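Asker: Okay, handing you the structure first.
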Amino acid sequence: PVAPEEQKFCLQEVLDTFKLCLSENKDVYLEHYIAGWRGLVKFLNSLGSVFGFISMDAVNKLKILVAYLEGENGSQYVTIQSMLKYELDNGLVDLTKKASNPESGCRTLLRLHRALRWLELFLERLRTSSEDSKTSVMCAEAYNESLAQHHPWVIRKAAGMAFCVLPGRLAFLEVMNVGPPEKVVAMLGEAIPLISEVYQITEELYAQHNLLELP
Ligand code: 1PZ
């Protein structure tokens, strides 16, 4: 069994891992990207079992990436940049429709990358929200502006139902384990630009290689 302190989510920890993500020349380390995501999954799980179908998909995708990173060609997967180059150079990416490489690192990471945009939009709303703001509304707005565009109707429907049972703003801020609301808001102000930078760098990289619509 996992020790409780290992399961407890803490925003500081996520902030720290996203700080480690960028190398000096702005490459994104896959190891820390995955670690950041693990923290987010922990957070999602602490919100209740309704979110299980969401965290399960994220966990599956993290597992795929970890397998590459720890596999025999792991040295090619150190950064997102090197992963892209390696998989493209070796014809390991299904570019237009699913075929022999339905679970490439590139397409798998793209799903998480899109979700990171949702996170950025949602956290920014949370940071600037007033006491009577509804998390379900902030969450749905952020989702509609980002991830929803990539999801079929049934997933959008299920996500919409999950948003309705999100805890209220104060409870939500408490789960972040930072302290009083003002402190959480301050830490969000630190975390969001980091997440945003990692997102932007990945987005530009995928755009340059025309990979934003990978099946
Ligand atoms: C705090 C509330 C959490 C709300 C999270 C908002 C996102 C809702 C997403 C619903 C996803 C449902 C499950 C599966 C979706 C997959 O079909 C897609 C596409 O993958 P493919 O089918 O092509 O392999 N998966 C995704 O889009 C990745 C979704 C990851 C969601 C991670 C949420 C992170 C939450 C962090 C919490 C702070």
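For the structure tokens, the naming scheme is as follows: chains receive sequential letters (A, B, ...) according to their order of presentation, residues are indexed from 1 within each chain, and ligands are indexed from 1 in presentation order.
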Could you pull out the residues sitting within 6 Å of ligand 1, using only C-alpha atoms and all ligand atoms, and write them as a VMD selection string?

Answerer: chain A and resid 40 to 41 43 to 44 53 to 54 57 to 58 111 to 112 115 155 159

Asker: For segment 106-108 of chain A, list every protein, DNA or RNA residue within 10 Å, evaluated using only C-alpha atoms, and leave out those in the same chain fewer than 3 positions away; present the list as JSON, numbers by chain.

Answerer: {"A": [58, 60, 61, 62, 64, 65, 80, 81, 83, 84, 85, 87, 88, 92, 93, 94, 95, 101, 102, 103, 111, 112, 113, 206, 211, 212, 213, 214, 215]}

Asker: I need the chosen residues saved as a PDB file, in the first residue's frame, with N, CA and C atoms.

Answerer:
```pdb
ATOM      1  N   ALA A  58      -5.528   9.440 -18.437  1.00  0.00           N
ATOM      2  CA  ALA A  58      -4.237  10.113 -18.275  1.00  0.00           C
ATOM      3  C   ALA A  58      -3.169   9.116 -17.821  1.00  0.00           C
ATOM      4  N   ASN A  60      -3.075   5.878 -18.299  1.00  0.00           N
ATOM      5  CA  ASN A  60      -2.709   5.002 -19.425  1.00  0.00           C
ATOM      6  C   ASN A  60      -1.708   5.681 -20.348  1.00  0.00           C
ATOM      7  N   LYS A  61      -1.931   6.937 -20.598  1.00  0.00           N
ATOM      8  CA  LYS A  61      -1.034   7.656 -21.504  1.00  0.00           C
ATOM      9  C   LYS A  61       0.342   7.848 -20.868  1.00  0.00           C
ATOM     10  N   LEU A  62       0.346   8.097 -19.565  1.00  0.00           N
ATOM     11  CA  LEU A  62       1.637   8.218 -18.875  1.00  0.00           C
ATOM     12  C   LEU A  62       2.394   6.901 -18.932  1.00  0.00           C
ATOM     13  N   ILE A  64       2.277   4.623 -21.260  1.00  0.00           N
ATOM     14  CA  ILE A  64       2.832   4.452 -22.609  1.00  0.00           C
ATOM     15  C   ILE A  64       4.157   5.219 -22.724  1.00  0.00           C
ATOM     16  N   LEU A  65       4.145   6.456 -22.230  1.00  0.00           N
ATOM     17  CA  LEU A  65       5.357   7.281 -22.337  1.00  0.00           C
ATOM     18  C   LEU A  65       6.484   6.726 -21.467  1.00  0.00           C
ATOM     19  N   ILE A  80      11.041  16.054 -25.241  1.00  0.00           N
ATOM     20  CA  ILE A  80       9.976  15.985 -26.241  1.00  0.00           C
ATOM     21  C   ILE A  80      10.576  16.226 -27.626  1.00  0.00           C
ATOM     22  N   GLN A  81      11.555  17.133 -27.692  1.00  0.00           N
ATOM     23  CA  GLN A  81      12.208  17.444 -28.959  1.00  0.00           C
ATOM     24  C   GLN A  81      12.895  16.211 -29.549  1.00  0.00           C
ATOM     25  N   MET A  83      12.302  13.060 -28.807  1.00  0.00           N
ATOM     26  CA  MET A  83      11.276  12.056 -29.100  1.00  0.00           C
ATOM     27  C   MET A  83      10.678  12.285 -30.489  1.00  0.00           C
ATOM     28  N   LEU A  84      10.322  13.538 -30.741  1.00  0.00           N
ATOM     29  CA  LEU A  84       9.726  13.902 -32.024  1.00  0.00           C
ATOM     30  C   LEU A  84      10.652  13.534 -33.179  1.00  0.00           C
ATOM     31  N   LYS A  85      11.900  13.958 -33.033  1.00  0.00           N
ATOM     32  CA  LYS A  85      12.870  13.736 -34.088  1.00  0.00           C
ATOM     33  C   LYS A  85      13.059  12.241 -34.319  1.00  0.00           C
ATOM     34  N   GLU A  87      11.103   9.632 -33.488  1.00  0.00           N
ATOM     35  CA  GLU A  87       9.927   8.921 -34.018  1.00  0.00           C
ATOM     36  C   GLU A  87       9.655   9.304 -35.475  1.00  0.00           C
ATOM     37  N   LEU A  88       9.830  10.576 -35.802  1.00  0.00           N
ATOM     38  CA  LEU A  88       9.583  11.000 -37.192  1.00  0.00           C
ATOM     39  C   LEU A  88      10.638  10.419 -38.127  1.00  0.00           C
ATOM     40  N   LEU A  92       7.887   6.232 -37.105  1.00  0.00           N
ATOM     41  CA  LEU A  92       7.161   5.592 -36.004  1.00  0.00           C
ATOM     42  C   LEU A  92       5.862   6.311 -35.629  1.00  0.00           C
ATOM     43  N   VAL A  93       5.473   7.275 -36.475  1.00  0.00           N
ATOM     44  CA  VAL A  93       4.269   8.053 -36.165  1.00  0.00           C
ATOM     45  C   VAL A  93       3.224   7.871 -37.267  1.00  0.00           C
ATOM     46  N   ASP A  94       2.019   7.487 -36.908  1.00  0.00           N
ATOM     47  CA  ASP A  94       0.911   7.489 -37.870  1.00  0.00           C
ATOM     48  C   ASP A  94       0.477   8.931 -38.066  1.00  0.00           C
ATOM     49  N   LEU A  95       0.691   9.444 -39.267  1.00  0.00           N
ATOM     50  CA  LEU A  95       0.490  10.878 -39.474  1.00  0.00           C
ATOM     51  C   LEU A  95      -0.931  11.272 -39.852  1.00  0.00           C
ATOM     52  N   ASN A 101       1.328   2.379 -36.058  1.00  0.00           N
ATOM     53  CA  ASN A 101       1.823   2.984 -34.816  1.00  0.00           C
ATOM     54  C   ASN A 101       0.743   3.799 -34.099  1.00  0.00           C
ATOM     55  N   PRO A 102      -0.301   3.104 -33.647  1.00  0.00           N
ATOM     56  CA  PRO A 102      -1.423   3.832 -33.048  1.00  0.00           C
ATOM     57  C   PRO A 102      -1.085   4.461 -31.700  1.00  0.00           C
ATOM     58  N   GLU A 103       0.019   4.027 -31.092  1.00  0.00           N
ATOM     59  CA  GLU A 103       0.364   4.575 -29.773  1.00  0.00           C
ATOM     60  C   GLU A 103       1.748   5.192 -29.764  1.00  0.00           C
ATOM     61  N   ARG A 111      -2.138  14.313 -26.630  1.00  0.00           N
ATOM     62  CA  ARG A 111      -3.380  14.296 -25.834  1.00  0.00           C
ATOM     63  C   ARG A 111      -3.165  14.985 -24.491  1.00  0.00           C
ATOM     64  N   LEU A 112      -2.054  14.700 -23.857  1.00  0.00           N
ATOM     65  CA  LEU A 112      -1.764  15.337 -22.567  1.00  0.00           C
ATOM     66  C   LEU A 112      -1.504  16.822 -22.766  1.00  0.00           C
ATOM     67  N   HIS A 113      -0.813  17.127 -23.840  1.00  0.00           N
ATOM     68  CA  HIS A 113      -0.506  18.512 -24.167  1.00  0.00           C
ATOM     69  C   HIS A 113      -1.788  19.340 -24.326  1.00  0.00           C
ATOM     70  N   TYR A 206       5.180  21.142 -32.142  1.00  0.00           N
ATOM     71  CA  TYR A 206       4.230  20.318 -32.885  1.00  0.00           C
ATOM     72  C   TYR A 206       3.752  21.045 -34.148  1.00  0.00           C
ATOM     73  N   LEU A 211       2.124  18.512 -36.632  1.00  0.00           N
ATOM     74  CA  LEU A 211       1.690  17.316 -35.900  1.00  0.00           C
ATOM     75  C   LEU A 211       0.509  17.573 -34.972  1.00  0.00           C
ATOM     76  N   LEU A 212      -0.133  18.732 -35.130  1.00  0.00           N
ATOM     77  CA  LEU A 212      -1.176  19.086 -34.159  1.00  0.00           C
ATOM     78  C   LEU A 212      -2.474  18.290 -34.319  1.00  0.00           C
ATOM     79  N   GLU A 213      -2.596  17.571 -35.428  1.00  0.00           N
ATOM     80  CA  GLU A 213      -3.832  16.798 -35.630  1.00  0.00           C
ATOM     81  C   GLU A 213      -3.575  15.288 -35.687  1.00  0.00           C
ATOM     82  N   LEU A 214      -2.501  14.841 -35.089  1.00  0.00           N
ATOM     83  CA  LEU A 214      -2.181  13.404 -35.144  1.00  0.00           C
ATOM     84  C   LEU A 214      -3.364  12.541 -34.700  1.00  0.00           C
ATOM     85  N   PRO A 215      -3.683  11.503 -35.453  1.00  0.00           N
ATOM     86  CA  PRO A 215      -4.812  10.633 -35.102  1.00  0.00           C
ATOM     87  C   PRO A 215      -4.539   9.802 -33.839  1.00  0.00           C
TER      88      PRO A 215
END
```

Asker: Which residues are close to Ser196 of chain A, i.e. within 9 Å by only C-alpha atoms, leaving aside same-chain residues fewer than 4 positions away? Reply as an NGL selection string.

Answerer: :A and (116-117 or 120 or 191-192 or 200-201)

Asker: Suppose we keep N, CA and C atoms; can you now write the selection as an mmCIF file, in the first residue's frame?

Answerer:
```cif
data_model
loop_
_atom_site.group_PDB
_atom_site.id
_atom_site.type_symbol
_atom_site.label_atom_id
_atom_site.label_comp_id
_atom_site.auth_asym_id
_atom_site.auth_seq_id
_atom_site.Cartn_x
_atom_site.Cartn_y
_atom_site.Cartn_z
ATOM 1 N N LEU A 116 -3.247 20.089 -21.073
ATOM 2 C CA LEU A 116 -2.482 21.109 -20.339
ATOM 3 C C LEU A 116 -3.030 22.511 -20.636
ATOM 4 N N ARG A 117 -3.502 22.695 -21.842
ATOM 5 C CA ARG A 117 -4.120 23.978 -22.202
ATOM 6 C C ARG A 117 -5.407 24.188 -21.390
ATOM 7 N N GLU A 120 -4.341 25.192 -17.924
ATOM 8 C CA GLU A 120 -3.902 26.581 -17.875
ATOM 9 C C GLU A 120 -5.110 27.522 -17.817
ATOM 10 N N ALA A 191 2.590 29.285 -10.690
ATOM 11 C CA ALA A 191 2.526 28.013 -11.420
ATOM 12 C C ALA A 191 2.031 28.190 -12.857
ATOM 13 N N ILE A 192 1.045 29.064 -13.050
ATOM 14 C CA ILE A 192 0.415 29.183 -14.366
ATOM 15 C C ILE A 192 1.413 29.599 -15.465
ATOM 16 N N GLN A 200 3.422 26.351 -24.483
ATOM 17 C CA GLN A 200 3.752 27.113 -25.691
ATOM 18 C C GLN A 200 4.889 26.478 -26.480
ATOM 19 N N ILE A 201 5.919 26.050 -25.767
ATOM 20 C CA ILE A 201 7.075 25.447 -26.431
ATOM 21 C C ILE A 201 6.664 24.168 -27.156
#
```

Asker: Between A:Met138, A:Ala67, A:His151, A:Ser55, single out the one closest to Ser104 of chain A, counting only C-alpha atoms.

Answerer: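 Closest candidate: A:Ala67.
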
Asker: Atom CA of Gly91 of chain A to atom CA of Gly71 of chain A: how many Å, to one decimal?

Answerer: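 That distance, rounded to one decimal, is 17.7 Å.
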
Asker: I need the residue nearest Asp27 of chain A from this list: A:Lys134, A:Thr79, A:Pro180, A:Tyr199. Use only C-alpha atoms for the distance.

Answerer: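 Among the listed residues, A:Thr79 lies closest to Asp27 of chain A.
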
Asker: Segment 64-198 of chain A: which residues are alpha helix (DSSP H) by DSSP, as a PyMOL selection string?

Answerer: chain A and resi 64-70+80-89+105-127+135-145+153-164+169-175+181-198

Asker: Output as CSV one row per residue of segment 97-188 of chain A within 9 Å of segment 12-22 of chain A: the closest atom pair and its distance in Å to one decimal place, counting only C-alpha atoms, sorted by chain and residue number ascending.

Answerer:
```
residue,atom,partner,partner_atom,distance
A:Met176,CA,A:Gln12,CA,8.5
A:Asn177,CA,A:Gln12,CA,8.4
A:Val178,CA,A:Gln12,CA,7.3
A:Met187,CA,A:Gln12,CA,7.7
A:Leu188,CA,A:Leu15,CA,8.8
```

Asker: Take the residues from that selection and put them in a file with N, CA and C atoms, as an mmCIF file, in the first residue's frame.

Answerer:
```
data_model
loop_
_atom_site.group_PDB
_atom_site.id
_atom_site.type_symbol
_atom_site.label_atom_id
_atom_site.label_comp_id
_atom_site.auth_asym_id
_atom_site.auth_seq_id
_atom_site.Cartn_x
_atom_site.Cartn_y
_atom_site.Cartn_z
ATOM 1 N N MET A 176 -5.679 21.803 -2.586
ATOM 2 C CA MET A 176 -4.358 22.098 -3.133
ATOM 3 C C MET A 176 -3.270 22.123 -2.074
ATOM 4 N N ASN A 177 -3.701 22.090 -0.803
ATOM 5 C CA ASN A 177 -2.734 21.917 0.279
ATOM 6 C C ASN A 177 -1.654 22.981 0.361
ATOM 7 N N VAL A 178 -2.034 24.191 0.205
ATOM 8 C CA VAL A 178 -1.045 25.261 0.228
ATOM 9 C C VAL A 178 -1.231 26.152 1.451
ATOM 10 N N MET A 187 0.314 31.243 -5.235
ATOM 11 C CA MET A 187 1.081 30.148 -5.827
ATOM 12 C C MET A 187 0.604 29.828 -7.243
ATOM 13 N N LEU A 188 -0.705 29.970 -7.457
ATOM 14 C CA LEU A 188 -1.221 29.777 -8.825
ATOM 15 C C LEU A 188 -0.592 30.795 -9.768
#
```

Asker: What is the distance between atom CA of Leu126 of chain A and atom CA of Glu31 of chain A, in Å to one decimal?

Answerer: 27.5 Å

Asker: DSSP on the backbone: which residues in segment 2-209 of chain A end up as strand (DSSP E or B)? Give the answer as a list of chain:residue names.

Answerer: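 Of segment 2-209 of chain A, the ones in strand (DSSP E or B) are A:Leu22, A:Val28, A:Tyr29, A:Thr79.
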
Asker: Taking 2 positions as the minimum chain separation for residues in the same chain, which residues sit within 7 Å of Arg169 of chain A when counting only C-alpha atoms? Answer as a ChimeraX atom specification.

Answerer: /A:133-135,167,171-173

Asker: Go ahead and save the picked residues with N, CA and C atoms, as a PDB file, in the first residue's frame.

Answerer:
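part.pdb, written as the output of this step:
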```
ATOM      1  N   SER A 133     -17.733  32.421  -7.236  1.00  0.00           N
ATOM      2  CA  SER A 133     -17.608  31.768  -8.544  1.00  0.00           C
ATOM      3  C   SER A 133     -17.790  30.266  -8.407  1.00  0.00           C
ATOM      4  N   LYS A 134     -18.327  29.677  -9.458  1.00  0.00           N
ATOM      5  CA  LYS A 134     -18.559  28.232  -9.447  1.00  0.00           C
ATOM      6  C   LYS A 134     -17.453  27.500 -10.202  1.00  0.00           C
ATOM      7  N   THR A 135     -16.832  26.528  -9.546  1.00  0.00           N
ATOM      8  CA  THR A 135     -15.768  25.753 -10.197  1.00  0.00           C
ATOM      9  C   THR A 135     -16.307  25.015 -11.427  1.00  0.00           C
ATOM     10  N   PRO A 167     -16.099  19.961  -6.348  1.00  0.00           N
ATOM     11  CA  PRO A 167     -16.292  20.692  -5.096  1.00  0.00           C
ATOM     12  C   PRO A 167     -16.311  22.203  -5.352  1.00  0.00           C
ATOM     13  N   ALA A 171     -13.406  24.639  -1.124  1.00  0.00           N
ATOM     14  CA  ALA A 171     -12.972  23.249  -0.923  1.00  0.00           C
ATOM     15  C   ALA A 171     -11.880  22.915  -1.933  1.00  0.00           C
ATOM     16  N   PHE A 172     -12.054  23.409  -3.124  1.00  0.00           N
ATOM     17  CA  PHE A 172     -11.105  23.162  -4.202  1.00  0.00           C
ATOM     18  C   PHE A 172      -9.733  23.738  -3.846  1.00  0.00           C
ATOM     19  N   LEU A 173      -9.735  24.950  -3.355  1.00  0.00           N
ATOM     20  CA  LEU A 173      -8.476  25.597  -2.987  1.00  0.00           C
ATOM     21  C   LEU A 173      -7.819  24.856  -1.818  1.00  0.00           C
TER      22      LEU A 173
END
```

Asker: For a test of reading the model, state the distance in Å between atom CA of Leu147 of chain A and atom CA of Asn45 of chain A, rounded to one decimal.

Answerer: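 According to the coordinates, atom CA of Leu147 of chain A and atom CA of Asn45 of chain A are separated by 19.6 Å.
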